[in-house]
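Enquirer: Have a look at this one.
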Protein chains: 2
Amino acid sequence: MSDAVPVETRQAQKERTREAILAAALELSQTQGFAQISLRQVARQAGIVPTAFYRHFESMDQLGLALVEQSFSTLRRMIRDAQRDPEVFDNIIDAAADVLVEAVKESKAHFGFVARERVGGPDVVRTAIRHELDLFVSELAVVLARLPNIENWSSDDVQMVSRLFVRNMVSNAEEVVEMPDGRPDLEEKIKEGARRQMRLIVVGFRDWRS
Amino acid sequence: MSDAVPVETRQAQKERTREAILAAALELSQTQGFAQISLRQVARQAGIVPTAFYRHFESMDQLGLALVEQSFSTLRRMIRDAQRDPEVFDNIIDAAADVLVEAVKESKAHFGFVARERVGGPDVVRTAIRHELDLFVSELAVVLARLPNIENWSSDDVQMVSRLFVRNMVSNAEEVVEMPDGRPDLEEKIKEGARRQMRLIVVGFRDWRS
DNA sequence: AAATTGAGTGAACGTGCGTACACTCAAATA
DNA sequence: TATTTGAGTGTACGCACGTTCACTCAATTT
């Protein structure tokens, strides 16, 4: 512990390589799916030798779990930001449709990862994603329960509606992810579709009897 | 062309092997996903030598497409049968929920294949499944358009609702497929959830304004 | 009865894989 | 300054893969 030229390089360098591995795996997953990419491909793309991979993850499964974590932290931050917006409380539907399309466009890779590996990934990854999505449904249910039309519903019903919303979110995210790049018209179409679907569900709220 | 002891064995034998290959691939797909099973695994499970595979399919991709076809023919037969049932017209919702759970239970493997490979499969398989599902949405839209509440909707709206139903069908099918085997309670829960979701959407119909 | 066909065989190939092991050499520590 | 640490290297291994090719031998055709 004394004077040294670099402020902190060792730890930071390691972190940078770790990020490179995560980024490489995320990119390769987009075209081939996480389950079919190999440790060697990831290492090659990340610019390291295969054996160096083990300094950061003990297996591809662990790398997959790290990607799940990264993806959901992106997703949660997005929802948290959206909740701060006062417009959201007034008009959840249009806001949600906008937020969805915009956020997904920004984090295509992470949304795509979740949508794809939720059903196509290795066992351990699938399980982790399902668990995160279940958490997400419950979190959204808490938000929904405070909305005007819903405040005196049974909690079972609120959970169900929350599931319906999340399910649609995942589906719409799939569509955005599959969307070709330079097509703002398609984007607007998906947004409009999401808006209608949500409005339809919300209109159902009004006449709901359990 | 004259008398022979066997009635027809050559062609039939070939067909049996083909079915064995399809069955083997379907079973292996359930645990690992179609994209990660190998030609040699399929051959092994089907009881043939790897090279014999090529007598029936020119590649794994072609085998995948054959499985898509098989799965959707199962699915279509199911819907056709359900439509004959007069109860369906009176009470689509409960009927659909019942039909869904029962049919999916009966053809778990095929539904699972569609749900899984729709997003996780090889490119060519994904494309084929999406195309079939789009067809399916349009077919369902025709049926829906004849229902009391909907007959004077715009066709855009009907398509949208049809998409919503198919989307939910796929999601619920996923849940049934993931369901552990000896749990009739879970099954009833999923059925009830599907019923509620569809009812919610239908209630929305009544107050719908485009 | 003789000739043809084609589903299934079995050995062999080149390739990419995961992982082991012994290594280097700069940053971190003492 | 001398020592330790640990991220990244390079070789080497055994294995499963897709595909090739020349083959057998029973059902089918002539």
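A note on labels: chains of the structure tokens are A, B, ... as shown, every chain counts residues from 1, and ligands are counted from 1 in their shown order.
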Please write out chain A, superposed on chain B by least squares over all C-alpha atoms matched in order, as a PDB file with C-alpha atoms, in the first residue's frame.
Expert:
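Full text of out.pdb as output:
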```
ATOM      1  CA  MET A   1     -46.701 -57.339 -60.671  1.00  0.00           C
ATOM      2  CA  SER A   2     -47.943 -60.711 -59.556  1.00  0.00           C
ATOM      3  CA  ASP A   3     -48.699 -62.673 -56.416  1.00  0.00           C
ATOM      4  CA  ALA A   4     -46.538 -61.975 -53.362  1.00  0.00           C
ATOM      5  CA  VAL A   5     -46.816 -63.000 -49.744  1.00  0.00           C
ATOM      6  CA  PRO A   6     -46.864 -59.538 -48.084  1.00  0.00           C
ATOM      7  CA  VAL A   7     -49.657 -57.141 -49.031  1.00  0.00           C
ATOM      8  CA  GLU A   8     -47.489 -54.035 -48.879  1.00  0.00           C
ATOM      9  CA  THR A   9     -44.409 -53.917 -46.762  1.00  0.00           C
ATOM     10  CA  ARG A  10     -41.767 -51.837 -48.495  1.00  0.00           C
ATOM     11  CA  GLN A  11     -43.522 -48.483 -48.440  1.00  0.00           C
ATOM     12  CA  ALA A  12     -45.119 -49.178 -45.065  1.00  0.00           C
ATOM     13  CA  GLN A  13     -41.801 -50.076 -43.482  1.00  0.00           C
ATOM     14  CA  LYS A  14     -40.364 -46.790 -44.713  1.00  0.00           C
ATOM     15  CA  GLU A  15     -43.299 -44.876 -43.324  1.00  0.00           C
ATOM     16  CA  ARG A  16     -42.860 -46.587 -39.969  1.00  0.00           C
ATOM     17  CA  THR A  17     -39.220 -45.575 -39.793  1.00  0.00           C
ATOM     18  CA  ARG A  18     -40.138 -42.028 -40.748  1.00  0.00           C
ATOM     19  CA  GLU A  19     -42.650 -41.935 -37.912  1.00  0.00           C
ATOM     20  CA  ALA A  20     -40.027 -43.340 -35.567  1.00  0.00           C
ATOM     21  CA  ILE A  21     -37.678 -40.504 -36.512  1.00  0.00           C
ATOM     22  CA  LEU A  22     -40.390 -37.891 -35.989  1.00  0.00           C
ATOM     23  CA  ALA A  23     -41.336 -39.412 -32.641  1.00  0.00           C
ATOM     24  CA  ALA A  24     -37.716 -39.588 -31.545  1.00  0.00           C
ATOM     25  CA  ALA A  25     -37.086 -35.958 -32.449  1.00  0.00           C
ATOM     26  CA  LEU A  26     -40.289 -34.841 -30.735  1.00  0.00           C
ATOM     27  CA  GLU A  27     -39.381 -36.650 -27.546  1.00  0.00           C
ATOM     28  CA  LEU A  28     -35.799 -35.433 -27.471  1.00  0.00           C
ATOM     29  CA  SER A  29     -36.995 -31.890 -28.173  1.00  0.00           C
ATOM     30  CA  GLN A  30     -39.063 -31.898 -25.019  1.00  0.00           C
ATOM     31  CA  THR A  31     -36.068 -32.007 -22.722  1.00  0.00           C
ATOM     32  CA  GLN A  32     -33.397 -30.244 -24.746  1.00  0.00           C
ATOM     33  CA  GLY A  33     -35.130 -28.156 -27.387  1.00  0.00           C
ATOM     34  CA  PHE A  34     -35.045 -29.039 -31.053  1.00  0.00           C
ATOM     35  CA  ALA A  35     -32.138 -26.769 -31.907  1.00  0.00           C
ATOM     36  CA  GLN A  36     -29.751 -28.591 -29.588  1.00  0.00           C
ATOM     37  CA  ILE A  37     -30.461 -32.165 -30.546  1.00  0.00           C
ATOM     38  CA  SER A  38     -28.155 -33.823 -33.024  1.00  0.00           C
ATOM     39  CA  LEU A  39     -28.847 -35.963 -36.035  1.00  0.00           C
ATOM     40  CA  ARG A  40     -27.004 -38.804 -34.309  1.00  0.00           C
ATOM     41  CA  GLN A  41     -29.129 -38.588 -31.179  1.00  0.00           C
ATOM     42  CA  VAL A  42     -32.294 -38.738 -33.255  1.00  0.00           C
ATOM     43  CA  ALA A  43     -31.031 -41.711 -35.212  1.00  0.00           C
ATOM     44  CA  ARG A  44     -29.986 -43.520 -32.035  1.00  0.00           C
ATOM     45  CA  GLN A  45     -33.393 -42.955 -30.439  1.00  0.00           C
ATOM     46  CA  ALA A  46     -35.167 -44.018 -33.615  1.00  0.00           C
ATOM     47  CA  GLY A  47     -33.150 -47.229 -33.757  1.00  0.00           C
ATOM     48  CA  ILE A  48     -31.329 -46.583 -36.992  1.00  0.00           C
ATOM     49  CA  VAL A  49     -27.774 -45.767 -37.997  1.00  0.00           C
ATOM     50  CA  PRO A  50     -26.992 -42.047 -38.547  1.00  0.00           C
ATOM     51  CA  THR A  51     -26.587 -42.301 -42.295  1.00  0.00           C
ATOM     52  CA  ALA A  52     -30.010 -43.893 -42.715  1.00  0.00           C
ATOM     53  CA  PHE A  53     -31.513 -40.619 -41.539  1.00  0.00           C
ATOM     54  CA  TYR A  54     -30.844 -39.143 -44.977  1.00  0.00           C
ATOM     55  CA  ARG A  55     -33.185 -41.618 -46.620  1.00  0.00           C
ATOM     56  CA  HIS A  56     -36.047 -39.729 -44.974  1.00  0.00           C
ATOM     57  CA  PHE A  57     -34.977 -36.120 -44.457  1.00  0.00           C
ATOM     58  CA  GLU A  58     -32.262 -34.184 -46.185  1.00  0.00           C
ATOM     59  CA  SER A  59     -31.350 -32.253 -43.054  1.00  0.00           C
ATOM     60  CA  MET A  60     -32.391 -31.564 -39.470  1.00  0.00           C
ATOM     61  CA  ASP A  61     -34.058 -28.375 -40.708  1.00  0.00           C
ATOM     62  CA  GLN A  62     -36.353 -30.400 -42.943  1.00  0.00           C
ATOM     63  CA  LEU A  63     -37.164 -32.685 -40.035  1.00  0.00           C
ATOM     64  CA  GLY A  64     -38.045 -29.598 -38.004  1.00  0.00           C
ATOM     65  CA  LEU A  65     -40.432 -28.407 -40.704  1.00  0.00           C
ATOM     66  CA  ALA A  66     -42.083 -31.823 -40.783  1.00  0.00           C
ATOM     67  CA  LEU A  67     -42.636 -31.559 -37.028  1.00  0.00           C
ATOM     68  CA  VAL A  68     -44.213 -28.128 -37.461  1.00  0.00           C
ATOM     69  CA  GLU A  69     -46.591 -29.589 -40.015  1.00  0.00           C
ATOM     70  CA  GLN A  70     -47.445 -32.542 -37.804  1.00  0.00           C
ATOM     71  CA  SER A  71     -48.054 -30.298 -34.803  1.00  0.00           C
ATOM     72  CA  PHE A  72     -50.357 -27.910 -36.600  1.00  0.00           C
ATOM     73  CA  SER A  73     -52.361 -30.654 -38.188  1.00  0.00           C
ATOM     74  CA  THR A  74     -53.007 -31.971 -34.671  1.00  0.00           C
ATOM     75  CA  LEU A  75     -53.987 -28.484 -33.588  1.00  0.00           C
ATOM     76  CA  ARG A  76     -56.294 -27.882 -36.536  1.00  0.00           C
ATOM     77  CA  ARG A  77     -58.094 -31.166 -36.125  1.00  0.00           C
ATOM     78  CA  MET A  78     -58.719 -30.237 -32.509  1.00  0.00           C
ATOM     79  CA  ILE A  79     -60.249 -26.883 -33.407  1.00  0.00           C
ATOM     80  CA  ARG A  80     -62.359 -28.443 -36.146  1.00  0.00           C
ATOM     81  CA  ASP A  81     -63.774 -31.000 -33.719  1.00  0.00           C
ATOM     82  CA  ALA A  82     -64.503 -28.310 -31.162  1.00  0.00           C
ATOM     83  CA  GLN A  83     -66.379 -26.225 -33.696  1.00  0.00           C
ATOM     84  CA  ARG A  84     -68.810 -29.074 -34.345  1.00  0.00           C
ATOM     85  CA  ASP A  85     -69.793 -29.061 -30.693  1.00  0.00           C
ATOM     86  CA  PRO A  86     -72.977 -26.937 -30.385  1.00  0.00           C
ATOM     87  CA  GLU A  87     -72.091 -25.947 -26.852  1.00  0.00           C
ATOM     88  CA  VAL A  88     -69.212 -23.962 -28.253  1.00  0.00           C
ATOM     89  CA  PHE A  89     -71.469 -21.438 -29.914  1.00  0.00           C
ATOM     90  CA  ASP A  90     -73.465 -20.847 -26.741  1.00  0.00           C
ATOM     91  CA  ASN A  91     -70.553 -20.489 -24.413  1.00  0.00           C
ATOM     92  CA  ILE A  92     -67.288 -20.068 -26.208  1.00  0.00           C
ATOM     93  CA  ILE A  93     -65.396 -19.135 -23.121  1.00  0.00           C
ATOM     94  CA  ASP A  94     -65.903 -22.122 -20.873  1.00  0.00           C
ATOM     95  CA  ALA A  95     -65.765 -24.402 -23.885  1.00  0.00           C
ATOM     96  CA  ALA A  96     -62.516 -22.885 -25.062  1.00  0.00           C
ATOM     97  CA  ALA A  97     -60.946 -23.196 -21.626  1.00  0.00           C
ATOM     98  CA  ASP A  98     -61.971 -26.855 -21.395  1.00  0.00           C
ATOM     99  CA  VAL A  99     -60.932 -27.683 -24.913  1.00  0.00           C
ATOM    100  CA  LEU A 100     -57.626 -25.945 -24.449  1.00  0.00           C
ATOM    101  CA  VAL A 101     -56.603 -27.757 -21.307  1.00  0.00           C
ATOM    102  CA  GLU A 102     -57.884 -31.141 -22.443  1.00  0.00           C
ATOM    103  CA  ALA A 103     -56.456 -30.960 -25.930  1.00  0.00           C
ATOM    104  CA  VAL A 104     -53.129 -29.670 -24.776  1.00  0.00           C
ATOM    105  CA  LYS A 105     -52.905 -32.443 -22.227  1.00  0.00           C
ATOM    106  CA  GLU A 106     -53.566 -34.986 -24.951  1.00  0.00           C
ATOM    107  CA  SER A 107     -51.034 -33.524 -27.348  1.00  0.00           C
ATOM    108  CA  LYS A 108     -48.587 -32.061 -24.896  1.00  0.00           C
ATOM    109  CA  ALA A 109     -45.627 -32.867 -27.070  1.00  0.00           C
ATOM    110  CA  HIS A 110     -46.914 -31.058 -30.138  1.00  0.00           C
ATOM    111  CA  PHE A 111     -48.110 -27.997 -28.248  1.00  0.00           C
ATOM    112  CA  GLY A 112     -44.843 -27.889 -26.395  1.00  0.00           C
ATOM    113  CA  PHE A 113     -42.963 -28.071 -29.651  1.00  0.00           C
ATOM    114  CA  VAL A 114     -44.851 -25.115 -31.092  1.00  0.00           C
ATOM    115  CA  ALA A 115     -44.580 -23.020 -27.932  1.00  0.00           C
ATOM    116  CA  ARG A 116     -40.883 -23.718 -27.516  1.00  0.00           C
ATOM    117  CA  GLU A 117     -39.587 -23.630 -31.068  1.00  0.00           C
ATOM    118  CA  ARG A 118     -41.696 -20.603 -31.953  1.00  0.00           C
ATOM    119  CA  VAL A 119     -39.011 -18.529 -30.287  1.00  0.00           C
ATOM    120  CA  GLY A 120     -36.162 -20.918 -29.567  1.00  0.00           C
ATOM    121  CA  GLY A 121     -35.921 -22.993 -32.703  1.00  0.00           C
ATOM    122  CA  PRO A 122     -33.751 -22.700 -35.791  1.00  0.00           C
ATOM    123  CA  ASP A 123     -34.572 -19.803 -38.120  1.00  0.00           C
ATOM    124  CA  VAL A 124     -36.435 -21.855 -40.670  1.00  0.00           C
ATOM    125  CA  VAL A 125     -38.568 -23.555 -37.998  1.00  0.00           C
ATOM    126  CA  ARG A 126     -39.384 -20.283 -36.260  1.00  0.00           C
ATOM    127  CA  THR A 127     -40.462 -18.742 -39.538  1.00  0.00           C
ATOM    128  CA  ALA A 128     -42.691 -21.693 -40.376  1.00  0.00           C
ATOM    129  CA  ILE A 129     -44.376 -21.615 -36.963  1.00  0.00           C
ATOM    130  CA  ARG A 130     -44.997 -17.879 -37.126  1.00  0.00           C
ATOM    131  CA  HIS A 131     -46.557 -18.296 -40.511  1.00  0.00           C
ATOM    132  CA  GLU A 132     -48.838 -21.092 -39.294  1.00  0.00           C
ATOM    133  CA  LEU A 133     -49.869 -19.039 -36.275  1.00  0.00           C
ATOM    134  CA  ASP A 134     -50.682 -16.062 -38.489  1.00  0.00           C
ATOM    135  CA  LEU A 135     -52.889 -18.310 -40.591  1.00  0.00           C
ATOM    136  CA  PHE A 136     -54.463 -19.539 -37.422  1.00  0.00           C
ATOM    137  CA  VAL A 137     -55.273 -16.028 -36.242  1.00  0.00           C
ATOM    138  CA  SER A 138     -57.027 -15.312 -39.526  1.00  0.00           C
ATOM    139  CA  GLU A 139     -58.992 -18.554 -39.370  1.00  0.00           C
ATOM    140  CA  LEU A 140     -60.110 -17.830 -35.845  1.00  0.00           C
ATOM    141  CA  ALA A 141     -61.071 -14.299 -36.867  1.00  0.00           C
ATOM    142  CA  VAL A 142     -63.530 -15.750 -39.376  1.00  0.00           C
ATOM    143  CA  VAL A 143     -65.130 -17.808 -36.622  1.00  0.00           C
ATOM    144  CA  LEU A 144     -65.240 -14.891 -34.215  1.00  0.00           C
ATOM    145  CA  ALA A 145     -66.767 -12.562 -36.784  1.00  0.00           C
ATOM    146  CA  ARG A 146     -69.923 -14.660 -36.752  1.00  0.00           C
ATOM    147  CA  LEU A 147     -70.426 -14.303 -33.001  1.00  0.00           C
ATOM    148  CA  PRO A 148     -73.340 -12.163 -31.690  1.00  0.00           C
ATOM    149  CA  ASN A 149     -71.397  -9.290 -30.141  1.00  0.00           C
ATOM    150  CA  ILE A 150     -68.884  -8.938 -32.891  1.00  0.00           C
ATOM    151  CA  GLU A 151     -70.719  -9.230 -36.183  1.00  0.00           C
ATOM    152  CA  ASN A 152     -70.522  -5.531 -37.055  1.00  0.00           C
ATOM    153  CA  TRP A 153     -66.989  -4.765 -35.930  1.00  0.00           C
ATOM    154  CA  SER A 154     -64.306  -3.552 -38.282  1.00  0.00           C
ATOM    155  CA  SER A 155     -62.206  -6.412 -39.572  1.00  0.00           C
ATOM    156  CA  ASP A 156     -59.111  -4.780 -38.066  1.00  0.00           C
ATOM    157  CA  ASP A 157     -60.656  -5.030 -34.628  1.00  0.00           C
ATOM    158  CA  VAL A 158     -61.673  -8.639 -35.129  1.00  0.00           C
ATOM    159  CA  GLN A 159     -58.145  -9.516 -36.224  1.00  0.00           C
ATOM    160  CA  MET A 160     -56.780  -7.821 -33.135  1.00  0.00           C
ATOM    161  CA  VAL A 161     -59.063  -9.741 -30.809  1.00  0.00           C
ATOM    162  CA  SER A 162     -58.205 -12.943 -32.616  1.00  0.00           C
ATOM    163  CA  ARG A 163     -54.522 -12.230 -32.072  1.00  0.00           C
ATOM    164  CA  LEU A 164     -55.235 -11.640 -28.417  1.00  0.00           C
ATOM    165  CA  PHE A 165     -56.968 -15.004 -28.133  1.00  0.00           C
ATOM    166  CA  VAL A 166     -54.294 -16.941 -29.961  1.00  0.00           C
ATOM    167  CA  ARG A 167     -51.600 -15.245 -27.942  1.00  0.00           C
ATOM    168  CA  ASN A 168     -53.345 -16.302 -24.766  1.00  0.00           C
ATOM    169  CA  MET A 169     -53.840 -19.779 -26.122  1.00  0.00           C
ATOM    170  CA  VAL A 170     -50.119 -20.114 -26.725  1.00  0.00           C
ATOM    171  CA  SER A 171     -49.330 -18.781 -23.259  1.00  0.00           C
ATOM    172  CA  ASN A 172     -51.766 -21.103 -21.560  1.00  0.00           C
ATOM    173  CA  ALA A 173     -50.494 -23.996 -23.609  1.00  0.00           C
ATOM    174  CA  GLU A 174     -47.005 -23.166 -22.355  1.00  0.00           C
ATOM    175  CA  GLU A 175     -48.293 -23.354 -18.796  1.00  0.00           C
ATOM    176  CA  VAL A 176     -50.019 -26.684 -19.295  1.00  0.00           C
ATOM    177  CA  VAL A 177     -46.947 -28.093 -20.938  1.00  0.00           C
ATOM    178  CA  GLU A 178     -44.779 -26.991 -18.032  1.00  0.00           C
ATOM    179  CA  MET A 179     -47.282 -28.482 -15.584  1.00  0.00           C
ATOM    180  CA  PRO A 180     -46.026 -31.444 -13.527  1.00  0.00           C
ATOM    181  CA  ASP A 181     -47.826 -34.660 -14.372  1.00  0.00           C
ATOM    182  CA  GLY A 182     -49.957 -35.812 -11.444  1.00  0.00           C
ATOM    183  CA  ARG A 183     -51.447 -32.481 -10.408  1.00  0.00           C
ATOM    184  CA  PRO A 184     -55.162 -32.135 -11.335  1.00  0.00           C
ATOM    185  CA  ASP A 185     -55.430 -29.164  -8.959  1.00  0.00           C
ATOM    186  CA  LEU A 186     -52.933 -27.125 -10.989  1.00  0.00           C
ATOM    187  CA  GLU A 187     -54.738 -28.089 -14.136  1.00  0.00           C
ATOM    188  CA  GLU A 188     -58.016 -26.752 -12.790  1.00  0.00           C
ATOM    189  CA  LYS A 189     -56.263 -23.575 -11.734  1.00  0.00           C
ATOM    190  CA  ILE A 190     -54.901 -22.980 -15.207  1.00  0.00           C
ATOM    191  CA  LYS A 191     -58.278 -23.724 -16.706  1.00  0.00           C
ATOM    192  CA  GLU A 192     -59.936 -21.257 -14.343  1.00  0.00           C
ATOM    193  CA  GLY A 193     -57.270 -18.657 -15.159  1.00  0.00           C
ATOM    194  CA  ALA A 194     -57.839 -19.093 -18.881  1.00  0.00           C
ATOM    195  CA  ARG A 195     -61.579 -18.819 -18.354  1.00  0.00           C
ATOM    196  CA  ARG A 196     -61.221 -15.564 -16.452  1.00  0.00           C
ATOM    197  CA  GLN A 197     -58.836 -14.042 -18.935  1.00  0.00           C
ATOM    198  CA  MET A 198     -61.111 -14.814 -21.836  1.00  0.00           C
ATOM    199  CA  ARG A 199     -64.179 -13.611 -19.986  1.00  0.00           C
ATOM    200  CA  LEU A 200     -62.381 -10.372 -19.205  1.00  0.00           C
ATOM    201  CA  ILE A 201     -61.626  -9.864 -22.874  1.00  0.00           C
ATOM    202  CA  VAL A 202     -65.167 -10.725 -23.904  1.00  0.00           C
ATOM    203  CA  VAL A 203     -66.656  -8.360 -21.355  1.00  0.00           C
ATOM    204  CA  GLY A 204     -64.487  -5.715 -22.951  1.00  0.00           C
ATOM    205  CA  PHE A 205     -66.170  -6.483 -26.283  1.00  0.00           C
ATOM    206  CA  ARG A 206     -69.484  -5.167 -25.105  1.00  0.00           C
ATOM    207  CA  ASP A 207     -68.280  -1.665 -24.435  1.00  0.00           C
ATOM    208  CA  TRP A 208     -65.838  -1.555 -27.240  1.00  0.00           C
ATOM    209  CA  ARG A 209     -65.600   1.495 -29.378  1.00  0.00           C
ATOM    210  CA  SER A 210     -63.031   1.627 -32.103  1.00  0.00           C
TER     211      SER A 210
END
```
Enquirer: Per residue of chain C within 9 Å of chain A, record the nearest atom pair and its distance in Å to one decimal, counting only C-alpha atoms (C1' of nucleotides), with rows in chain order and ascending residue number, as CSV.
Expert:
```
residue,atom,partner,partner_atom,distance
C:DG16,C1',A:Arg40,CA,8.9
C:DC17,C1',A:Ser38,CA,7.7
C:DG18,C1',A:Leu39,CA,7.9
C:DT19,C1',A:Thr51,CA,8.1
C:DA27,C1',A:Arg10,CA,6.3
C:DA28,C1',A:Arg10,CA,8.1
C:DT29,C1',A:Met1,CA,6.6
C:DA30,C1',A:Met1,CA,8.2
```
Enquirer: May I ask you to extract the residues of chain D within 8 Å of chain B, using only C-alpha atoms (C1' of nucleotides), and to give them as a PDB file with N, CA and C atoms (P, O5', C5', C4', C3', O3' and C1' of nucleotides), in the first residue's frame?
Expert:
```
ATOM      1  P    DC D  17     -23.640 -36.811 -30.641  1.00  0.00           P
ATOM      2  O5'  DC D  17     -23.186 -35.966 -31.907  1.00  0.00           O
ATOM      3  C5'  DC D  17     -23.226 -34.543 -31.829  1.00  0.00           C
ATOM      4  C4'  DC D  17     -22.495 -33.960 -33.008  1.00  0.00           C
ATOM      5  C3'  DC D  17     -23.040 -34.414 -34.351  1.00  0.00           C
ATOM      6  O3'  DC D  17     -24.099 -33.559 -34.716  1.00  0.00           O
ATOM      7  C1'  DC D  17     -20.636 -34.307 -34.319  1.00  0.00           C
ATOM      8  P    DG D  18     -25.102 -34.114 -35.806  1.00  0.00           P
ATOM      9  O5'  DG D  18     -24.359 -33.792 -37.182  1.00  0.00           O
ATOM     10  C5'  DG D  18     -24.059 -32.449 -37.513  1.00  0.00           C
ATOM     11  C4'  DG D  18     -23.414 -32.374 -38.873  1.00  0.00           C
ATOM     12  C3'  DG D  18     -24.230 -32.988 -40.013  1.00  0.00           C
ATOM     13  O3'  DG D  18     -24.033 -32.216 -41.184  1.00  0.00           O
ATOM     14  C1'  DG D  18     -22.194 -34.169 -39.778  1.00  0.00           C
ATOM     15  P    DA D  27     -38.433 -59.715 -47.358  1.00  0.00           P
ATOM     16  O5'  DA D  27     -39.218 -58.633 -48.222  1.00  0.00           O
ATOM     17  C5'  DA D  27     -39.129 -57.270 -47.839  1.00  0.00           C
ATOM     18  C4'  DA D  27     -39.306 -56.401 -49.073  1.00  0.00           C
ATOM     19  C3'  DA D  27     -40.539 -56.729 -49.912  1.00  0.00           C
ATOM     20  O3'  DA D  27     -41.185 -55.516 -50.208  1.00  0.00           O
ATOM     21  C1'  DA D  27     -38.623 -56.719 -51.279  1.00  0.00           C
ATOM     22  P    DT D  29     -43.308 -53.176 -57.332  1.00  0.00           P
ATOM     23  O5'  DT D  29     -42.353 -53.548 -58.539  1.00  0.00           O
ATOM     24  C5'  DT D  29     -41.194 -52.755 -58.778  1.00  0.00           C
ATOM     25  C4'  DT D  29     -40.439 -53.268 -59.984  1.00  0.00           C
ATOM     26  C3'  DT D  29     -41.304 -53.501 -61.240  1.00  0.00           C
ATOM     27  O3'  DT D  29     -40.633 -52.929 -62.347  1.00  0.00           O
ATOM     28  C1'  DT D  29     -40.078 -55.435 -60.749  1.00  0.00           C
TER      29       DT D  29
END
```
Enquirer: What are the DSSP helix (DSSP H, G or I) residues of range 7-209 of chain B, as a PyMOL selection string?
Expert: chain B and resi 10-32+34-36+39-46+50-55+60-84+87-90+92-106+108-120+123-145+148-150+155-178+184-206
Enquirer: So which residues touch range 22-26 of chain C within 9 Å, counting only C-alpha atoms (C1' of nucleotides), skipping near sequence neighbours fewer than 2 positions away, as a list in words?
Expert: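 Answer for this query is DG8, DT9 and DG10 of chain D.
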Enquirer: Mind giving me the straight-line distance from C1' of DG14 in chain C to C1' of DT11 in chain D in Å, one decimal?
Expert: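 Pair C1' of DG14 in chain C / C1' of DT11 in chain D returns 19.7 Å.
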Enquirer: Using Å and a single decimal, report how far C1' of DT4 in chain C sits from C1' of DA22 in chain D.
Expert: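 Those two atoms sit 18.1 Å apart.
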